[in-house]
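*Asks:* Below you will find the structure I want to go over with you.
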Amino acid sequence: MDENEIQNETQQMADIAPVERKEIVDQTIPRKEDARWYTIHTYAGYENAVERNLKQRIESLGMEGKIFDVVVPTEKKIRVKGGKRVVEEEKIYPGYILVRMIVDDDSWFVVRNTPRVTGFVGSGNTPVPMEESEVATLMKRMTAEAPKHRIDLVKDDQVVIADGPFKDLEGKVGEIDEDRGKVKVMVSMFGRETPVELDFLQIRKL
């Protein structure tokens, strides 16, 4: 083999080797698209604290390449406070948070040893990933607007007031304004029927 042939063969090996080494490295690096969602059980009432603590641990321990998302599942609910309708965020699963991660000994240890985490949902010490359909349904609930309730009442229905200054008084439906979500209820006060306008969430059908 002459000198030119030796140089050509050496160059061919140099061209091939980096590709082969890259393929080997790529196979060992965790990929975000391989991560799955897991359910983590926490002490009730500490879901937000666990979320904050876990995010801090992920950053300080350099686990961003294995633990990608930490979420407390919430959805919007309509409540009546002080006679007014307000939209509040309500936890869908109190006592649980969701973590999207690639599970190995290191990532498991980081999550499991976060203060006020009691464990993964799974079989024994083996975390079981959530089904993709379950995750999709949950994410849809989290991003949905507050529900628009249909008023299931008609005029002259007997109702009881469940919230506000007239709580526990009974009366009958006088007028219904579905666009505003308001109901005018005729209640007996001072010896005569008096109209009281209420949010439909403040009354309950008898």
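Residues in the structure tokens are named by chain (A, B, ... in the order shown) and by number from 1 within that chain; ligands are numbered from 1 in the order shown.
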Could you give me, as a ChimeraX atom specification, each residue of chain A that DSSP assigns to strand (DSSP E) when run on this structure's backbone?
*Replies:* /A:36-42,67-71,74-81,84-91,96-101,117-120,122-123,126-127,158-161,170-177,182-189,192-199,203-205
*Asks:* Pick the closest to Ile161 of chain A from A:Arg204, A:Arg52, A:Arg36, A:Arg85: which is it, counting only C-alpha atoms?
*Replies:*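 Residue with the minimum atom-to-atom distance to Ile161 of chain A: A:Arg204.
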*Asks:* Set the distance at 8 Å and use only C-alpha atoms: which residues neighbour segment 108-121 of chain A once local chain neighbours fewer than 6 positions away are removed? I'd like the list as a PDB file with N, CA and C atoms, in the first residue's frame.
*Replies:*
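To be explicit, this is the file written out as around00.pdb:
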ATOM      1  N   TYR A  38     -46.389  12.024  35.086  1.00  0.00           N
ATOM      2  CA  TYR A  38     -46.582  11.171  36.257  1.00  0.00           C
ATOM      3  C   TYR A  38     -47.349  11.958  37.322  1.00  0.00           C
ATOM      4  N   THR A  39     -48.092  11.236  38.157  1.00  0.00           N
ATOM      5  CA  THR A  39     -48.852  11.849  39.238  1.00  0.00           C
ATOM      6  C   THR A  39     -48.092  11.689  40.549  1.00  0.00           C
ATOM      7  N   ILE A  40     -47.942  12.808  41.269  1.00  0.00           N
ATOM      8  CA  ILE A  40     -47.212  12.824  42.531  1.00  0.00           C
ATOM      9  C   ILE A  40     -48.184  13.137  43.660  1.00  0.00           C
ATOM     10  N   HIS A  41     -48.143  12.338  44.714  1.00  0.00           N
ATOM     11  CA  HIS A  41     -49.012  12.570  45.876  1.00  0.00           C
ATOM     12  C   HIS A  41     -48.292  13.475  46.864  1.00  0.00           C
ATOM     13  N   THR A  42     -49.025  14.488  47.368  1.00  0.00           N
ATOM     14  CA  THR A  42     -48.448  15.428  48.331  1.00  0.00           C
ATOM     15  C   THR A  42     -49.347  15.527  49.555  1.00  0.00           C
ATOM     16  N   TYR A  43     -48.841  16.169  50.600  1.00  0.00           N
ATOM     17  CA  TYR A  43     -49.706  16.501  51.722  1.00  0.00           C
ATOM     18  C   TYR A  43     -50.781  17.464  51.232  1.00  0.00           C
ATOM     19  N   TYR A  46     -50.619  21.504  50.420  1.00  0.00           N
ATOM     20  CA  TYR A  46     -49.229  21.910  50.166  1.00  0.00           C
ATOM     21  C   TYR A  46     -48.847  21.764  48.691  1.00  0.00           C
ATOM     22  N   VAL A  50     -45.132  22.484  47.158  1.00  0.00           N
ATOM     23  CA  VAL A  50     -44.354  21.403  46.538  1.00  0.00           C
ATOM     24  C   VAL A  50     -43.934  21.808  45.125  1.00  0.00           C
ATOM     25  N   ASN A  53     -41.021  24.267  45.508  1.00  0.00           N
ATOM     26  CA  ASN A  53     -39.820  23.595  46.006  1.00  0.00           C
ATOM     27  C   ASN A  53     -39.201  22.689  44.953  1.00  0.00           C
ATOM     28  N   LEU A  54     -40.039  21.958  44.236  1.00  0.00           N
ATOM     29  CA  LEU A  54     -39.526  21.027  43.234  1.00  0.00           C
ATOM     30  C   LEU A  54     -38.868  21.786  42.085  1.00  0.00           C
ATOM     31  N   ARG A  57     -35.487  22.818  43.221  1.00  0.00           N
ATOM     32  CA  ARG A  57     -34.562  21.680  43.273  1.00  0.00           C
ATOM     33  C   ARG A  57     -34.101  21.271  41.869  1.00  0.00           C
ATOM     34  N   ILE A  58     -35.020  21.305  40.918  1.00  0.00           N
ATOM     35  CA  ILE A  58     -34.665  20.965  39.539  1.00  0.00           C
ATOM     36  C   ILE A  58     -33.570  21.891  39.033  1.00  0.00           C
ATOM     37  N   PRO A 127     -43.084   4.200  39.503  1.00  0.00           N
ATOM     38  CA  PRO A 127     -44.071   5.172  38.998  1.00  0.00           C
ATOM     39  C   PRO A 127     -44.746   4.657  37.731  1.00  0.00           C
ATOM     40  N   VAL A 128     -46.041   4.881  37.616  1.00  0.00           N
ATOM     41  CA  VAL A 128     -46.797   4.483  36.431  1.00  0.00           C
ATOM     42  C   VAL A 128     -47.205   5.745  35.682  1.00  0.00           C
TER      43      VAL A 128
END
*Asks:* Just want the 8 Å neighbourhood of Arg100 of chain A, counted on only C-alpha atoms, with same-chain residues fewer than 6 positions away dropped. Output as number ranges by chain.
*Replies:* A: 35-38, 67-70
*Asks:* Create the file for the chosen residues now, containing all heavy atoms and written as an mmCIF file, in the first residue's frame.
*Replies:*
data_model
loop_
_atom_site.group_PDB
_atom_site.id
_atom_site.type_symbol
_atom_site.label_atom_id
_atom_site.label_comp_id
_atom_site.auth_asym_id
_atom_site.auth_seq_id
_atom_site.Cartn_x
_atom_site.Cartn_y
_atom_site.Cartn_z
ATOM 1 N N ALA A 35 -40.215 12.046 27.472
ATOM 2 C CA ALA A 35 -40.739 12.238 28.823
ATOM 3 C C ALA A 35 -42.217 11.871 28.881
ATOM 4 O O ALA A 35 -42.944 11.995 27.903
ATOM 5 C CB ALA A 35 -40.534 13.685 29.259
ATOM 6 N N ARG A 36 -42.664 11.429 30.052
ATOM 7 C CA ARG A 36 -44.078 11.097 30.284
ATOM 8 C C ARG A 36 -44.578 11.872 31.495
ATOM 9 O O ARG A 36 -43.805 12.326 32.332
ATOM 10 C CB ARG A 36 -44.231 9.584 30.542
ATOM 11 C CG ARG A 36 -43.761 8.697 29.402
ATOM 12 C CD ARG A 36 -44.705 8.716 28.212
ATOM 13 N NE ARG A 36 -46.051 8.290 28.556
ATOM 14 C CZ ARG A 36 -46.443 7.009 28.602
ATOM 15 N NH1 ARG A 36 -45.586 6.041 28.323
ATOM 16 N NH2 ARG A 36 -47.692 6.697 28.903
ATOM 17 N N TRP A 37 -45.900 11.992 31.601
ATOM 18 C CA TRP A 37 -46.510 12.649 32.752
ATOM 19 C C TRP A 37 -46.743 11.632 33.861
ATOM 20 O O TRP A 37 -47.242 10.533 33.615
ATOM 21 C CB TRP A 37 -47.838 13.288 32.366
ATOM 22 C CG TRP A 37 -47.706 14.553 31.587
ATOM 23 C CD1 TRP A 37 -47.785 14.696 30.233
ATOM 24 C CD2 TRP A 37 -47.477 15.864 32.103
ATOM 25 N NE1 TRP A 37 -47.622 16.019 29.872
ATOM 26 C CE2 TRP A 37 -47.437 16.757 31.006
ATOM 27 C CE3 TRP A 37 -47.306 16.386 33.395
ATOM 28 C CZ2 TRP A 37 -47.228 18.127 31.164
ATOM 29 C CZ3 TRP A 37 -47.105 17.754 33.549
ATOM 30 C CH2 TRP A 37 -47.067 18.599 32.451
ATOM 31 N N TYR A 38 -46.389 12.024 35.086
ATOM 32 C CA TYR A 38 -46.582 11.171 36.257
ATOM 33 C C TYR A 38 -47.349 11.958 37.322
ATOM 34 O O TYR A 38 -47.270 13.188 37.385
ATOM 35 C CB TYR A 38 -45.237 10.710 36.825
ATOM 36 C CG TYR A 38 -44.465 9.813 35.891
ATOM 37 C CD1 TYR A 38 -43.644 10.353 34.913
ATOM 38 C CD2 TYR A 38 -44.583 8.432 35.962
ATOM 39 C CE1 TYR A 38 -42.942 9.536 34.025
ATOM 40 C CE2 TYR A 38 -43.886 7.600 35.092
ATOM 41 C CZ TYR A 38 -43.068 8.161 34.126
ATOM 42 O OH TYR A 38 -42.393 7.349 33.248
ATOM 43 N N ILE A 67 -36.362 16.509 34.108
ATOM 44 C CA ILE A 67 -37.660 16.905 34.665
ATOM 45 C C ILE A 67 -38.048 18.220 34.000
ATOM 46 O O ILE A 67 -37.383 19.236 34.187
ATOM 47 C CB ILE A 67 -37.592 17.065 36.194
ATOM 48 C CG1 ILE A 67 -37.018 15.802 36.834
ATOM 49 C CG2 ILE A 67 -38.979 17.362 36.761
ATOM 50 C CD1 ILE A 67 -36.784 15.918 38.325
ATOM 51 N N PHE A 68 -39.125 18.211 33.224
ATOM 52 C CA PHE A 68 -39.419 19.328 32.331
ATOM 53 C C PHE A 68 -40.577 20.215 32.782
ATOM 54 O O PHE A 68 -40.577 21.409 32.531
ATOM 55 C CB PHE A 68 -39.703 18.787 30.929
ATOM 56 C CG PHE A 68 -38.592 17.941 30.382
ATOM 57 C CD1 PHE A 68 -38.692 16.557 30.388
ATOM 58 C CD2 PHE A 68 -37.442 18.523 29.892
ATOM 59 C CE1 PHE A 68 -37.663 15.773 29.889
ATOM 60 C CE2 PHE A 68 -36.401 17.753 29.392
ATOM 61 C CZ PHE A 68 -36.508 16.368 29.399
ATOM 62 N N ASP A 69 -41.599 19.644 33.411
ATOM 63 C CA ASP A 69 -42.771 20.439 33.802
ATOM 64 C C ASP A 69 -43.287 19.972 35.158
ATOM 65 O O ASP A 69 -43.300 18.756 35.445
ATOM 66 C CB ASP A 69 -43.898 20.301 32.772
ATOM 67 C CG ASP A 69 -43.514 20.891 31.423
ATOM 68 O OD1 ASP A 69 -43.408 22.123 31.331
ATOM 69 O OD2 ASP A 69 -43.313 20.109 30.476
ATOM 70 N N VAL A 70 -43.724 20.944 35.965
ATOM 71 C CA VAL A 70 -44.371 20.656 37.247
ATOM 72 C C VAL A 70 -45.654 21.473 37.280
ATOM 73 O O VAL A 70 -45.622 22.697 37.128
ATOM 74 C CB VAL A 70 -43.468 21.044 38.442
ATOM 75 C CG1 VAL A 70 -44.145 20.667 39.757
ATOM 76 C CG2 VAL A 70 -42.099 20.378 38.327
#
*Asks:* Restricting the calculation to only C-alpha atoms, which member of A:Leu206, A:Met63, A:Lys172, A:Pro73 is positioned closest to Val187 of chain A?
*Replies:*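 For Val187 of chain A, the nearest of the given residues is A:Lys172.
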*Asks:* Could you work out how far atom CA of Asp152 of chain A lies from atom CA of Ile78 of chain A, giving the answer in Å with one decimal?
*Replies:*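 Distance between the two atoms: 16.3 Å.
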